[in-house]
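Below: one structure, written as structure tokens.
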Amino acid sequence: MMRLGQSGTILFVLVIVGMLIIPLPTYMIDVLILLNLSFALLILIVTLNVKDPLEFSAFPALLLLTTLFRLALNVSSTRLILLQANAGTVISTFGNFVVGGNAVVGFIVFLILIIVQFIVITRGAERVSEVAARFTLDAMPGKQMSIDADLNAGLITDAQARQRRRLIAAEADFYGAMDGASKFVRGDAIASILIVAINIIGGFVMGMVFLHLGAQQSLQTYTILSVGDGLVSQLPALLISTATGLLVTRAASEANFGGDLVRQLLQAPRTLYLLAGVVAFLGIFTPISKLVAIVLAAGFAFLGYRASLGQAEFAAAGGPAPVPQARGAGQGAAPPADAQAPALAPVDALAVEFGFGLLSLVDKAQGGDFFERVQKVREQVAEELGLWLPPVRVKDNLALPPNNYRILLRGAEVARGELMPGRLLAMGQEGQLPGIATRDPAFGLPALWIARQHQDQAVLQGYTVIDTATVLTTHFAETVRRHASELLSREEAKKTLDRLRQVDPAAVDELVPGLLTLSTVHRVLQGLLREGVPIRDLVTIVETLGDRATETKDPDQLTEYVRQALGRAISQAVAPPGETLVAITLDPRLEAELRARVQGQDGKSFLALDQDTALKLSRAAEQTARDPARAQDRLAIVVAPQLRSHLRRLLRPVLEDVPILSYQEIDPSLKLQSGGVIRIDDERGAV
């Protein structure tokens, strides 16, 4: 079928070329004119039946071919009119029967057709095509961003993304081609006027000079033939112009044009009843024909009745029938709660919003690669922490300052930053470098925004120079790590256990739901992530929970048991093999007193400290850990297992970046060095 279509198209083009050169007999002209009219009707019918303009994507090229075919017909018929004063039966029929043999009437009808086609339909279709092409091209970056976001979020596959990109490209090509093809229709209308005028003038001269006809007979004969030729040419042109306007104004729908038209016009029965009443009023109280008005009013009333029946049938079949209004207390039942409740829009677990000045970082057409960077961050976090991030929604926010962005966690802002496109961020010691002072959004370190031409100078002075995209990606990655525990939803925890069940079903089946609930396991995993402990070793985590579940159901205590089982990994994360860990400990007297303050209630433990003592302990720990002499050391506060979680909660506001370990978490092969002792002196108030 495809080969046949290709061969037929080539043959059609060759026929058009032949018509321009080779004289055709009158019977062949009749066949081609009827073929032209039939083909125009076919195009119009196909256009009325399409649901989406892209279903007829060959229309622009077809429009060019049909225009050339009509012009070739005009050339062939003009040749016969001027040489023989006879252009076949079809043209003579249009010239004599359709317009009654009156040249003036025929010429007026021809001009009306030209005006309708050229001024109304063609100009409107041309304008719509131009606007549609412009809007389609302007919307392409946003559509590409949406596809990339869905792909990186895992909502669609690579094949689906490629298919959607092809559809976007095809849509842009289609409307661009329609914008250009509509110019052919306008040119065809102008050419038809000129051809008719040339035929009339040239035929008048030919009739008098070569055929020796009288002036009146020559003018009558050639005018009727020329007008008939113009009518048989412009009628198909009008049909195709109408198809052009319908296609470019057609929006994508689930039904064809006829179905949408009937459904939308008849969706309000009351409107049809009102229209019937207005028409009947005009027929009864005005000189308008009463019979015609009453017949029309009855027709509109019948359509309204049918529309009412259709809505009732749709409601009975379970469609969204209108909800009845409450009539007052005790009068009729209120609609069900589900019918009253609005649809809840899901909140994105993780989202990044950009001001319009930063859209170049996202738009691939402008070299933006943020989506690829997000995918790499997801893979990196999964490798480091064992957590696969939820889909990341990327969108613009015109309410933000142009160069600002913000990171949202479940709809709430958790981080914000400002970038300067076209500049680089230089981080390091202050030097003689021109730039705009700022702070690195990821770590809060002093930095400078410098011009690109100063990059080499900054590197020579010891600065670390990074581009805006890397600044944004680093800030995003650090924010994700900081809030990893909140990003682990209960559903993701279930999926994590389901994946483990495929390789170690015994461990999972024993634990959940036999020993612990999914909620408890979820809270344990969150507790590990909250302090940056990877949950990749799920086998160890699940087995430890299974062993300790008979002792306690407290998630905090279970988390401590799991940490001890993961001690080697935790130690190596704090101080890699071969390096020394500087350990800060508690004064023995202070540690003993704190252990005595640990109390339990309802299966949970807490550290009972008054506010003054807690404040002194926080200050003493911060002063010891922030000693400038240890600024380059790998530090950790090492305490008894019973105190670790309580001190972590107490000291997090002041020592968030300093790990707190228990003695049982220290790997025996780790090199330790004393880094000081936290104590509260008697002068400042003993515990």
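Letters A, B, ... mark the chains of the structure tokens in the order given; residue numbers begin at 1 per chain; ligand numbers begin at 1, in order shown.
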Which neighbours of Thr468 (chain A) fall inside 8 Å, counting only C-alpha atoms, when residues of the same chain fewer than 3 positions from it are skipped, and could you give them as a PDB file with C-alpha atoms, in the first residue's frame?
ATOM      1  CA  LEU A 419      22.534  32.208  41.259  1.00  0.00           C
ATOM      2  CA  MET A 420      24.086  34.627  38.817  1.00  0.00           C
ATOM      3  CA  PRO A 421      23.939  33.186  35.281  1.00  0.00           C
ATOM      4  CA  ARG A 423      29.252  34.129  36.293  1.00  0.00           C
ATOM      5  CA  LEU A 424      31.271  31.579  38.258  1.00  0.00           C
ATOM      6  CA  LEU A 425      31.348  30.929  42.008  1.00  0.00           C
ATOM      7  CA  VAL A 471      26.325  25.141  42.508  1.00  0.00           C
ATOM      8  CA  LEU A 472      22.651  24.322  42.059  1.00  0.00           C
TER       9      LEU A 472
END
### Query
Between CA of Gln502 (chain A) and CA of Arg378 (chain A), what is the distance, to one decimal in Å?
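Interatomic distance here is 23.0 Å.
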### Query
Which of region 373-483 of chain A counts as alpha helix (DSSP H) under DSSP, as a ChimeraX atom specification please?
/A:373-385,455-460,468-482
### Query
Closest to Thr271 (chain A) among A:Ala573, A:Ala621, A:Leu80, A:Leu303, using only C-alpha atoms?
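Ranked by minimum distance to Thr271 (chain A), first place goes to A:Leu303.
For the atom pair formed by CA of Arg70 (chain A) and CA of Ser233 (chain A), the distance is 6.4 Å, given to one decimal.
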### Task
Between A:Val13, A:Leu24, A:Leu235, A:Leu409, single out the one closest to Phe476 (chain A), counting only C-alpha atoms.
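Closest to Phe476 (chain A) of all the choices is A:Leu409.
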### Query
Taking only C-alpha atoms into account, which of A:Glu353, A:Glu591, A:Glu551, A:Glu383 comes nearest Pro401 (chain A)?
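For Pro401 (chain A), the nearest of the given residues is A:Glu353.
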### Message
Quick check, in Å to one decimal: how far apart do CA of Ala297 (chain A) and CA of Val278 (chain A) lie?
### Response
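Here the two named atoms are 8.0 Å from each other.
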### Task
Return the single residue from A:Leu359, A:Ile436, A:Ile535, A:Ala447 that is closest to Val381 (chain A), with distances computed using only C-alpha atoms.
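Distance minimum relative to Val381 (chain A) lands on A:Ile535.
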